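Read the structure below first, then the notes.
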Amino acid sequence: MTSSASPGRVSVVIPCYNDGAFVHEAVDSALAQTHALADIIVVDDGSTDPATLIALKSVERDGVVVHRQENLGLPAARNAGIRQASGDYILPLDSDDRIGPHYAEMAAGVLDGDPDVGIVGGQIEFFGMREGRVNPTYNGIEGMLFENCLYTCSVTRRADWATVGGYPEGARFAEDWIYWLRILGLGRSVHLLEEVVWFYRQRPGQMTRSMDSRTASTAVIQAMRDQPDLYAAHMDVVTDYLESKTMVLDSFRRRYGRANDLLARVLPLVRSVSR
């Protein structure tokens, strides 16, 4: 369907914590959008680095607003920026990344044209310490229950953000994943653009943390606690997931159970001899 209303306005929200070396690039990529933005909100999440404070002061130009607050963490910073924003659609951008010049225009076009779409993303290009391209795929909400298939820099509707209560400020990590699940729980669909829209910087010390098995399990538990009705509605997927984990655990026990028993007997003897 094609909307006859005026095009939806996009707000770009950029949380920043001690990231003055790169925030200019993020802001410049927002200013370069071909779609007239509602606003650009940079959230200073309690930065203490003098260079970052200077950089943040210098980006307050051309309608860029810097909102300052105590350090409350990334989800709270995003929520604070969105509360300040006036756009119909929200484009979250990390302070060390960049967006392509047509991203806001293309995302707004999709959201304007289909009221069922709740999340718009696109292709990703790495730069910095590692280069390459990622083409995200989305095959339905079932594939999102135990793995995050979407990325940080995806566009959502401001009205949906308000309906679901925004990003989960109590989440230790995987806050994006939980937020996407909240949006999908409204019955929204996902649209992935074929163009590269997000340029994702790879550098030491960046906030993105690799998901080891313990972290991934904790993230799943957080998501299930946040969206119990959503998981209950897809209990067949939950059951299959738990059965697969049980099979892996049983295989591990069969393979290493005897070795563990042997170690339990031998280690005390080794320790007693070494004293």
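By order in the structure tokens, chains are A, B, ...; within a chain, residues start at 1; ligands start at 1, following the order shown.
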(message) List the spatial neighbours of A:Val220 as an MDAnalysis selection string - criterion: any atom at most 9 Å away, only C-alpha atoms, same-chain residues fewer than 2 positions off excluded.
(response) chainID A and resid 145:147 174 215:218 222:225
Keeping all heavy atoms for every residue in the selection just given, could you write it to a file as a PDB file, in the first residue's frame?
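This is the output file part_36.pdb:
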```pdb
ATOM      1  N   LEU A 145      13.731 -16.193  19.054  1.00  0.00           N
ATOM      2  CA  LEU A 145      13.494 -16.496  20.462  1.00  0.00           C
ATOM      3  C   LEU A 145      14.765 -16.873  21.211  1.00  0.00           C
ATOM      4  O   LEU A 145      14.893 -16.597  22.412  1.00  0.00           O
ATOM      5  CB  LEU A 145      12.463 -17.629  20.582  1.00  0.00           C
ATOM      6  CG  LEU A 145      11.042 -17.283  20.101  1.00  0.00           C
ATOM      7  CD1 LEU A 145      10.149 -18.513  20.201  1.00  0.00           C
ATOM      8  CD2 LEU A 145      10.456 -16.133  20.905  1.00  0.00           C
ATOM      9  N   PHE A 146      15.714 -17.497  20.516  1.00  0.00           N
ATOM     10  CA  PHE A 146      16.925 -17.951  21.185  1.00  0.00           C
ATOM     11  C   PHE A 146      18.201 -17.448  20.525  1.00  0.00           C
ATOM     12  O   PHE A 146      19.296 -17.850  20.893  1.00  0.00           O
ATOM     13  CB  PHE A 146      16.942 -19.489  21.259  1.00  0.00           C
ATOM     14  CG  PHE A 146      15.815 -20.030  22.092  1.00  0.00           C
ATOM     15  CD1 PHE A 146      14.665 -20.514  21.498  1.00  0.00           C
ATOM     16  CD2 PHE A 146      15.890 -20.006  23.477  1.00  0.00           C
ATOM     17  CE1 PHE A 146      13.610 -20.983  22.266  1.00  0.00           C
ATOM     18  CE2 PHE A 146      14.848 -20.468  24.256  1.00  0.00           C
ATOM     19  CZ  PHE A 146      13.704 -20.958  23.655  1.00  0.00           C
ATOM     20  N   GLU A 147      18.057 -16.559  19.562  1.00  0.00           N
ATOM     21  CA  GLU A 147      19.226 -15.955  18.911  1.00  0.00           C
ATOM     22  C   GLU A 147      18.828 -14.597  18.330  1.00  0.00           C
ATOM     23  O   GLU A 147      17.800 -14.492  17.667  1.00  0.00           O
ATOM     24  CB  GLU A 147      19.762 -16.851  17.799  1.00  0.00           C
ATOM     25  CG  GLU A 147      20.987 -16.301  17.110  1.00  0.00           C
ATOM     26  CD  GLU A 147      21.468 -17.210  15.994  1.00  0.00           C
ATOM     27  OE1 GLU A 147      20.808 -18.223  15.708  1.00  0.00           O
ATOM     28  OE2 GLU A 147      22.510 -16.878  15.394  1.00  0.00           O
ATOM     29  N   ALA A 174      22.363  -7.594  25.909  1.00  0.00           N
ATOM     30  CA  ALA A 174      21.324  -8.051  24.979  1.00  0.00           C
ATOM     31  C   ALA A 174      20.068  -7.181  25.054  1.00  0.00           C
ATOM     32  O   ALA A 174      18.966  -7.639  24.788  1.00  0.00           O
ATOM     33  CB  ALA A 174      20.965  -9.519  25.241  1.00  0.00           C
ATOM     34  N   THR A 215      27.042 -16.283  28.832  1.00  0.00           N
ATOM     35  CA  THR A 215      26.395 -15.009  28.538  1.00  0.00           C
ATOM     36  C   THR A 215      25.146 -15.217  27.697  1.00  0.00           C
ATOM     37  O   THR A 215      24.100 -14.597  27.941  1.00  0.00           O
ATOM     38  CB  THR A 215      27.363 -14.075  27.805  1.00  0.00           C
ATOM     39  OG1 THR A 215      28.531 -13.877  28.603  1.00  0.00           O
ATOM     40  CG2 THR A 215      26.718 -12.731  27.539  1.00  0.00           C
ATOM     41  N   ALA A 216      25.242 -16.097  26.694  1.00  0.00           N
ATOM     42  CA  ALA A 216      24.091 -16.367  25.835  1.00  0.00           C
ATOM     43  C   ALA A 216      22.940 -16.956  26.638  1.00  0.00           C
ATOM     44  O   ALA A 216      21.774 -16.586  26.445  1.00  0.00           O
ATOM     45  CB  ALA A 216      24.493 -17.311  24.704  1.00  0.00           C
ATOM     46  N   SER A 217      23.254 -17.870  27.552  1.00  0.00           N
ATOM     47  CA  SER A 217      22.206 -18.477  28.376  1.00  0.00           C
ATOM     48  C   SER A 217      21.548 -17.438  29.263  1.00  0.00           C
ATOM     49  O   SER A 217      20.316 -17.430  29.424  1.00  0.00           O
ATOM     50  CB  SER A 217      22.794 -19.600  29.238  1.00  0.00           C
ATOM     51  OG  SER A 217      23.305 -20.641  28.433  1.00  0.00           O
ATOM     52  N   THR A 218      22.353 -16.543  29.830  1.00  0.00           N
ATOM     53  CA  THR A 218      21.799 -15.480  30.669  1.00  0.00           C
ATOM     54  C   THR A 218      20.904 -14.561  29.858  1.00  0.00           C
ATOM     55  O   THR A 218      19.844 -14.121  30.324  1.00  0.00           O
ATOM     56  CB  THR A 218      22.928 -14.673  31.325  1.00  0.00           C
ATOM     57  OG1 THR A 218      23.763 -15.558  32.093  1.00  0.00           O
ATOM     58  CG2 THR A 218      22.377 -13.606  32.247  1.00  0.00           C
ATOM     59  N   GLN A 222      16.973 -13.726  30.484  1.00  0.00           N
ATOM     60  CA  GLN A 222      16.467 -12.358  30.576  1.00  0.00           C
ATOM     61  C   GLN A 222      15.307 -12.141  29.611  1.00  0.00           C
ATOM     62  O   GLN A 222      14.284 -11.541  29.964  1.00  0.00           O
ATOM     63  CB  GLN A 222      17.576 -11.345  30.271  1.00  0.00           C
ATOM     64  CG  GLN A 222      18.619 -11.200  31.352  1.00  0.00           C
ATOM     65  CD  GLN A 222      19.636 -10.122  31.028  1.00  0.00           C
ATOM     66  OE1 GLN A 222      20.328  -9.615  31.903  1.00  0.00           O
ATOM     67  NE2 GLN A 222      19.752  -9.750  29.776  1.00  0.00           N
ATOM     68  N   ALA A 223      15.472 -12.626  28.385  1.00  0.00           N
ATOM     69  CA  ALA A 223      14.434 -12.449  27.371  1.00  0.00           C
ATOM     70  C   ALA A 223      13.155 -13.195  27.760  1.00  0.00           C
ATOM     71  O   ALA A 223      12.048 -12.660  27.606  1.00  0.00           O
ATOM     72  CB  ALA A 223      14.942 -12.930  26.012  1.00  0.00           C
ATOM     73  N   MET A 224      13.288 -14.400  28.281  1.00  0.00           N
ATOM     74  CA  MET A 224      12.116 -15.187  28.658  1.00  0.00           C
ATOM     75  C   MET A 224      11.389 -14.548  29.837  1.00  0.00           C
ATOM     76  O   MET A 224      10.148 -14.554  29.881  1.00  0.00           O
ATOM     77  CB  MET A 224      12.532 -16.618  28.986  1.00  0.00           C
ATOM     78  CG  MET A 224      13.056 -17.391  27.796  1.00  0.00           C
ATOM     79  SD  MET A 224      13.495 -19.109  28.179  1.00  0.00           S
ATOM     80  CE  MET A 224      11.850 -19.846  28.268  1.00  0.00           C
ATOM     81  N   ARG A 225      12.139 -14.000  30.763  1.00  0.00           N
ATOM     82  CA  ARG A 225      11.506 -13.325  31.901  1.00  0.00           C
ATOM     83  C   ARG A 225      10.801 -12.047  31.461  1.00  0.00           C
ATOM     84  O   ARG A 225       9.764 -11.688  32.013  1.00  0.00           O
ATOM     85  CB  ARG A 225      12.564 -13.009  32.962  1.00  0.00           C
ATOM     86  CG  ARG A 225      13.028 -14.223  33.756  1.00  0.00           C
ATOM     87  CD  ARG A 225      14.148 -13.871  34.702  1.00  0.00           C
ATOM     88  NE  ARG A 225      14.504 -15.003  35.554  1.00  0.00           N
ATOM     89  CZ  ARG A 225      15.588 -15.064  36.332  1.00  0.00           C
ATOM     90  NH1 ARG A 225      16.420 -14.025  36.362  1.00  0.00           N
ATOM     91  NH2 ARG A 225      15.827 -16.125  37.076  1.00  0.00           N
TER      92      ARG A 225
END
```
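All residues of protein, DNA or RNA that reach within 6 Å of A:Ala38, judged by only C-alpha atoms and not counting those fewer than 2 positions away in the chain, are Arg9, Val10, Ser11 and Gly87 of chain A.
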Now that the selection is made, can you save its residues with all heavy atoms as an mmCIF file, in the first residue's frame?
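Saved file selection.cif follows:
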```cif
data_model
loop_
_atom_site.group_PDB
_atom_site.id
_atom_site.type_symbol
_atom_site.label_atom_id
_atom_site.label_comp_id
_atom_site.auth_asym_id
_atom_site.auth_seq_id
_atom_site.Cartn_x
_atom_site.Cartn_y
_atom_site.Cartn_z
ATOM 1 N N ARG A 9 8.667 11.356 9.791
ATOM 2 C CA ARG A 9 9.922 11.998 10.159
ATOM 3 C C ARG A 9 10.756 11.046 11.020
ATOM 4 O O ARG A 9 10.233 10.293 11.826
ATOM 5 C CB ARG A 9 9.645 13.297 10.914
ATOM 6 C CG ARG A 9 8.815 14.287 10.097
ATOM 7 C CD ARG A 9 8.763 15.645 10.773
ATOM 8 N NE ARG A 9 8.373 15.541 12.167
ATOM 9 C CZ ARG A 9 8.703 16.434 13.117
ATOM 10 N NH1 ARG A 9 9.447 17.470 12.802
ATOM 11 N NH2 ARG A 9 8.291 16.277 14.358
ATOM 12 N N VAL A 10 12.059 11.126 10.831
ATOM 13 C CA VAL A 10 13.003 10.235 11.510
ATOM 14 C C VAL A 10 13.864 11.032 12.487
ATOM 15 O O VAL A 10 14.380 12.098 12.148
ATOM 16 C CB VAL A 10 13.921 9.524 10.489
ATOM 17 C CG1 VAL A 10 14.911 8.610 11.199
ATOM 18 C CG2 VAL A 10 13.076 8.736 9.485
ATOM 19 N N SER A 11 14.002 10.494 13.693
ATOM 20 C CA SER A 11 14.939 11.044 14.675
ATOM 21 C C SER A 11 16.110 10.083 14.825
ATOM 22 O O SER A 11 15.910 8.869 14.949
ATOM 23 C CB SER A 11 14.262 11.221 16.041
ATOM 24 O OG SER A 11 13.291 12.233 16.009
ATOM 25 N N GLY A 87 10.536 12.712 16.233
ATOM 26 C CA GLY A 87 10.236 12.004 15.001
ATOM 27 C C GLY A 87 9.212 10.901 15.176
ATOM 28 O O GLY A 87 8.964 10.418 16.284
#
```
(message) Set the distance at 9 Å and use only C-alpha atoms: which residues neighbour stretch 16-30 of chain A once local chain neighbours fewer than 4 positions away are removed? I'd like the list as an MDAnalysis selection string.
(response) chainID A and resid 12 37 40 42:56 58:59 64 71 73:74 77 93:101 104
Tell me, as a PDB file with N, CA and C atoms, in the first residue's frame, which residues lie within 10 Å of A:His102, counting only C-alpha atoms; anything in the same chain fewer than 5 positions away does not count.
```pdb
ATOM      1  N   ALA A  30      24.730  11.346  10.177  1.00  0.00           N
ATOM      2  CA  ALA A  30      23.314  11.681  10.369  1.00  0.00           C
ATOM      3  C   ALA A  30      22.962  12.965   9.620  1.00  0.00           C
ATOM      4  N   ALA A  32      24.221  14.002   6.979  1.00  0.00           N
ATOM      5  CA  ALA A  32      24.318  13.782   5.533  1.00  0.00           C
ATOM      6  C   ALA A  32      23.116  13.028   4.963  1.00  0.00           C
ATOM      7  N   GLN A  33      22.093  12.763   5.759  1.00  0.00           N
ATOM      8  CA  GLN A  33      20.944  12.005   5.273  1.00  0.00           C
ATOM      9  C   GLN A  33      20.194  12.757   4.169  1.00  0.00           C
ATOM     10  N   THR A  34      19.736  12.010   3.174  1.00  0.00           N
ATOM     11  CA  THR A  34      18.960  12.602   2.092  1.00  0.00           C
ATOM     12  C   THR A  34      17.527  12.894   2.520  1.00  0.00           C
ATOM     13  N   HIS A  35      17.092  12.297   3.605  1.00  0.00           N
ATOM     14  CA  HIS A  35      15.753  12.507   4.151  1.00  0.00           C
ATOM     15  C   HIS A  35      15.839  13.563   5.246  1.00  0.00           C
ATOM     16  N   ALA A 107      14.161   3.729   5.121  1.00  0.00           N
ATOM     17  CA  ALA A 107      13.421   3.173   6.252  1.00  0.00           C
ATOM     18  C   ALA A 107      12.067   3.850   6.413  1.00  0.00           C
ATOM     19  N   GLU A 195      20.353  -2.762   0.704  1.00  0.00           N
ATOM     20  CA  GLU A 195      21.505  -1.867   0.659  1.00  0.00           C
ATOM     21  C   GLU A 195      22.273  -1.900   1.988  1.00  0.00           C
ATOM     22  N   VAL A 196      23.569  -1.545   1.928  1.00  0.00           N
ATOM     23  CA  VAL A 196      24.358  -1.338   3.148  1.00  0.00           C
ATOM     24  C   VAL A 196      23.908  -0.025   3.771  1.00  0.00           C
ATOM     25  N   VAL A 197      23.429  -0.103   4.995  1.00  0.00           N
ATOM     26  CA  VAL A 197      22.913   1.093   5.653  1.00  0.00           C
ATOM     27  C   VAL A 197      23.668   1.426   6.936  1.00  0.00           C
TER      28      VAL A 197
END
```
(request) Determine the nearest neighbour of A:Ile178 from the options A:Val65, A:Leu72, A:Leu230, A:Val237, counting only C-alpha atoms. (result) A:Leu230
(request) From a DSSP pass on the backbone, collect the residues of stretch 24-163 of chain A flagged as strand (DSSP E) and hand them back as a PyMOL selection string. (result) chain A and resi 39-45+64-69+89-92+98-99+117-128+132-134+155-157
(request) Would you list the contacts of A:Pro7 as a ChimeraX atom specification, taking every protein, DNA or RNA residue within 8 Å and counting only C-alpha atoms, but skipping same-chain residues closer than 2 positions in sequence? (result) /A:5,9,108-109,112
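Using only C-alpha atoms, the smallest distance between any of A:Leu192, A:Glu142, A:Tyr167, A:Trp180 and A:Thr239 comes from A:Glu142.
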(request) Determine the nearest neighbour of A:Ala233 from the options A:Ala219, A:Arg172, A:Tyr179, A:Ile141, counting only C-alpha atoms. (result) A:Ile141
Could you give me, as a tab-separated table, every stretch 65-134 of chain A residue with an atom at most 10 Å from stretch 155-161 of chain A, plus its closest atom pair and distance in Å to one decimal, counting only C-alpha atoms, rows ordered by chain then number?
```
residue	atom	partner	partner_atom	distance
A:Asn79	CA	A:Trp161	CA	8.9
A:Ile82	CA	A:Arg158	CA	7.7
A:Arg83	CA	A:Arg158	CA	9.2
A:Ala85	CA	A:Arg158	CA	8.9
A:Ser86	CA	A:Arg158	CA	8.7
A:Gly87	CA	A:Arg158	CA	7.2
A:Asp88	CA	A:Arg158	CA	5.5
A:Tyr89	CA	A:Arg157	CA	4.5
A:Ile90	CA	A:Thr156	CA	5.4
A:Leu91	CA	A:Val155	CA	4.7
A:Pro92	CA	A:Val155	CA	7.0
A:Leu93	CA	A:Val155	CA	9.7
A:Tyr103	CA	A:Val155	CA	9.3
A:Ala104	CA	A:Val155	CA	8.4
A:Ala107	CA	A:Val155	CA	6.8
A:Ala108	CA	A:Val155	CA	8.6
A:Leu111	CA	A:Arg157	CA	8.0
A:Pro115	CA	A:Arg157	CA	9.8
A:Val117	CA	A:Thr156	CA	8.7
A:Gly118	CA	A:Thr156	CA	5.6
A:Ile119	CA	A:Thr156	CA	4.9
A:Val120	CA	A:Val155	CA	5.0
A:Gly121	CA	A:Val155	CA	6.4
A:Gly122	CA	A:Val155	CA	9.7
```
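Residue-level DSSP output for stretch 53-113 of chain A, from the backbone, shows helix (DSSP H, G or I) at Leu53, Ile54, Ala55, Leu56, Lys57, Ser58, Leu74, Pro75, Ala76, Ala77, Arg78, Asn79, Ala80, Gly81, Ile82, Arg83, Gln84, Tyr103, Ala104, Glu105, Met106, Ala107, Ala108, Gly109, Val110, Leu111, Asp112 and Gly113 of chain A.
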Selection export as an mmCIF file, in the first residue's frame, atoms kept: N, CA, C and O atoms:
```cif
data_model
loop_
_atom_site.group_PDB
_atom_site.id
_atom_site.type_symbol
_atom_site.label_atom_id
_atom_site.label_comp_id
_atom_site.auth_asym_id
_atom_site.auth_seq_id
_atom_site.Cartn_x
_atom_site.Cartn_y
_atom_site.Cartn_z
ATOM 1 N N LEU A 53 34.112 15.658 26.193
ATOM 2 C CA LEU A 53 33.289 16.807 26.563
ATOM 3 C C LEU A 53 33.455 17.944 25.558
ATOM 4 O O LEU A 53 32.484 18.616 25.193
ATOM 5 N N ILE A 54 34.687 18.148 25.094
ATOM 6 C CA ILE A 54 34.936 19.167 24.075
ATOM 7 C C ILE A 54 34.260 18.782 22.764
ATOM 8 O O ILE A 54 33.626 19.609 22.094
ATOM 9 N N ALA A 55 34.385 17.506 22.385
ATOM 10 C CA ALA A 55 33.777 17.040 21.133
ATOM 11 C C ALA A 55 32.259 17.185 21.171
ATOM 12 O O ALA A 55 31.641 17.593 20.187
ATOM 13 N N LEU A 56 31.662 16.867 22.300
ATOM 14 C CA LEU A 56 30.209 16.961 22.416
ATOM 15 C C LEU A 56 29.736 18.409 22.321
ATOM 16 O O LEU A 56 28.683 18.699 21.746
ATOM 17 N N LYS A 57 30.532 19.304 22.882
ATOM 18 C CA LYS A 57 30.164 20.713 22.784
ATOM 19 C C LYS A 57 30.233 21.188 21.336
ATOM 20 O O LYS A 57 29.405 21.992 20.878
ATOM 21 N N SER A 58 31.194 20.662 20.596
ATOM 22 C CA SER A 58 31.377 21.120 19.218
ATOM 23 C C SER A 58 30.324 20.576 18.264
ATOM 24 O O SER A 58 30.119 21.141 17.185
ATOM 25 N N LEU A 74 23.719 2.205 28.590
ATOM 26 C CA LEU A 74 23.281 2.359 27.202
ATOM 27 C C LEU A 74 21.766 2.314 27.012
ATOM 28 O O LEU A 74 21.204 3.179 26.332
ATOM 29 N N PRO A 75 21.042 1.331 27.577
ATOM 30 C CA PRO A 75 19.585 1.317 27.355
ATOM 31 C C PRO A 75 18.913 2.584 27.879
ATOM 32 O O PRO A 75 18.031 3.139 27.210
ATOM 33 N N ALA A 76 19.326 3.049 29.062
ATOM 34 C CA ALA A 76 18.733 4.268 29.627
ATOM 35 C C ALA A 76 19.071 5.487 28.783
ATOM 36 O O ALA A 76 18.246 6.401 28.623
ATOM 37 N N ALA A 77 20.292 5.522 28.221
ATOM 38 C CA ALA A 77 20.683 6.645 27.365
ATOM 39 C C ALA A 77 19.839 6.668 26.099
ATOM 40 O O ALA A 77 19.399 7.731 25.640
ATOM 41 N N ARG A 78 19.601 5.503 25.513
ATOM 42 C CA ARG A 78 18.754 5.459 24.320
ATOM 43 C C ARG A 78 17.339 5.939 24.653
ATOM 44 O O ARG A 78 16.746 6.730 23.908
ATOM 45 N N ASN A 79 16.796 5.444 25.753
ATOM 46 C CA ASN A 79 15.444 5.857 26.138
ATOM 47 C C ASN A 79 15.369 7.361 26.385
ATOM 48 O O ASN A 79 14.403 8.020 25.986
ATOM 49 N N ALA A 80 16.395 7.912 27.030
ATOM 50 C CA ALA A 80 16.401 9.356 27.301
ATOM 51 C C ALA A 80 16.416 10.148 25.999
ATOM 52 O O ALA A 80 15.722 11.160 25.861
ATOM 53 N N GLY A 81 17.206 9.693 25.038
ATOM 54 C CA GLY A 81 17.258 10.385 23.753
ATOM 55 C C GLY A 81 15.938 10.311 23.002
ATOM 56 O O GLY A 81 15.498 11.288 22.388
ATOM 57 N N ILE A 82 15.295 9.154 23.063
ATOM 58 C CA ILE A 82 14.026 8.991 22.356
ATOM 59 C C ILE A 82 12.941 9.853 23.000
ATOM 60 O O ILE A 82 12.088 10.421 22.303
ATOM 61 N N ARG A 83 12.998 9.981 24.313
ATOM 62 C CA ARG A 83 12.027 10.866 24.977
ATOM 63 C C ARG A 83 12.190 12.312 24.519
ATOM 64 O O ARG A 83 11.213 13.070 24.470
ATOM 65 N N GLN A 84 13.415 12.698 24.174
ATOM 66 C CA GLN A 84 13.673 14.058 23.694
ATOM 67 C C GLN A 84 13.295 14.227 22.223
ATOM 68 O O GLN A 84 13.074 15.344 21.766
ATOM 69 N N TYR A 103 19.739 5.877 4.394
ATOM 70 C CA TYR A 103 19.089 4.954 5.336
ATOM 71 C C TYR A 103 17.758 5.507 5.850
ATOM 72 O O TYR A 103 16.725 4.831 5.808
ATOM 73 N N ALA A 104 17.761 6.729 6.357
ATOM 74 C CA ALA A 104 16.536 7.303 6.915
ATOM 75 C C ALA A 104 15.436 7.377 5.859
ATOM 76 O O ALA A 104 14.264 7.073 6.124
ATOM 77 N N GLU A 105 15.799 7.762 4.645
ATOM 78 C CA GLU A 105 14.820 7.880 3.565
ATOM 79 C C GLU A 105 14.195 6.532 3.230
ATOM 80 O O GLU A 105 12.963 6.408 3.096
ATOM 81 N N MET A 106 15.033 5.502 3.108
ATOM 82 C CA MET A 106 14.522 4.184 2.750
ATOM 83 C C MET A 106 13.686 3.591 3.879
ATOM 84 O O MET A 106 12.622 3.002 3.635
ATOM 85 N N ALA A 107 14.161 3.729 5.121
ATOM 86 C CA ALA A 107 13.421 3.173 6.252
ATOM 87 C C ALA A 107 12.067 3.850 6.413
ATOM 88 O O ALA A 107 11.039 3.195 6.642
ATOM 89 N N ALA A 108 12.046 5.178 6.287
ATOM 90 C CA ALA A 108 10.780 5.908 6.390
ATOM 91 C C ALA A 108 9.817 5.483 5.294
ATOM 92 O O ALA A 108 8.606 5.353 5.524
ATOM 93 N N GLY A 109 10.347 5.252 4.090
ATOM 94 C CA GLY A 109 9.496 4.813 2.992
ATOM 95 C C GLY A 109 8.824 3.477 3.275
ATOM 96 O O GLY A 109 7.638 3.290 2.989
ATOM 97 N N VAL A 110 9.589 2.561 3.857
ATOM 98 C CA VAL A 110 9.026 1.244 4.205
ATOM 99 C C VAL A 110 7.956 1.383 5.281
ATOM 100 O O VAL A 110 6.852 0.835 5.174
ATOM 101 N N LEU A 111 8.276 2.122 6.343
ATOM 102 C CA LEU A 111 7.343 2.265 7.459
ATOM 103 C C LEU A 111 6.101 3.053 7.062
ATOM 104 O O LEU A 111 4.997 2.772 7.525
ATOM 105 N N ASP A 112 6.274 4.061 6.214
ATOM 106 C CA ASP A 112 5.123 4.803 5.705
ATOM 107 C C ASP A 112 4.193 3.893 4.900
ATOM 108 O O ASP A 112 2.965 4.024 4.949
ATOM 109 N N GLY A 113 4.781 2.988 4.135
ATOM 110 C CA GLY A 113 4.006 2.190 3.194
ATOM 111 C C GLY A 113 3.362 0.957 3.769
ATOM 112 O O GLY A 113 2.455 0.386 3.156
#
```
(request) Would you mind listing what lies within 12 Å of A:Arg130 as a PyMOL selection string, with only C-alpha atoms counted and same-chain residues fewer than 6 positions away left out? (result) chain A and resi 199-204
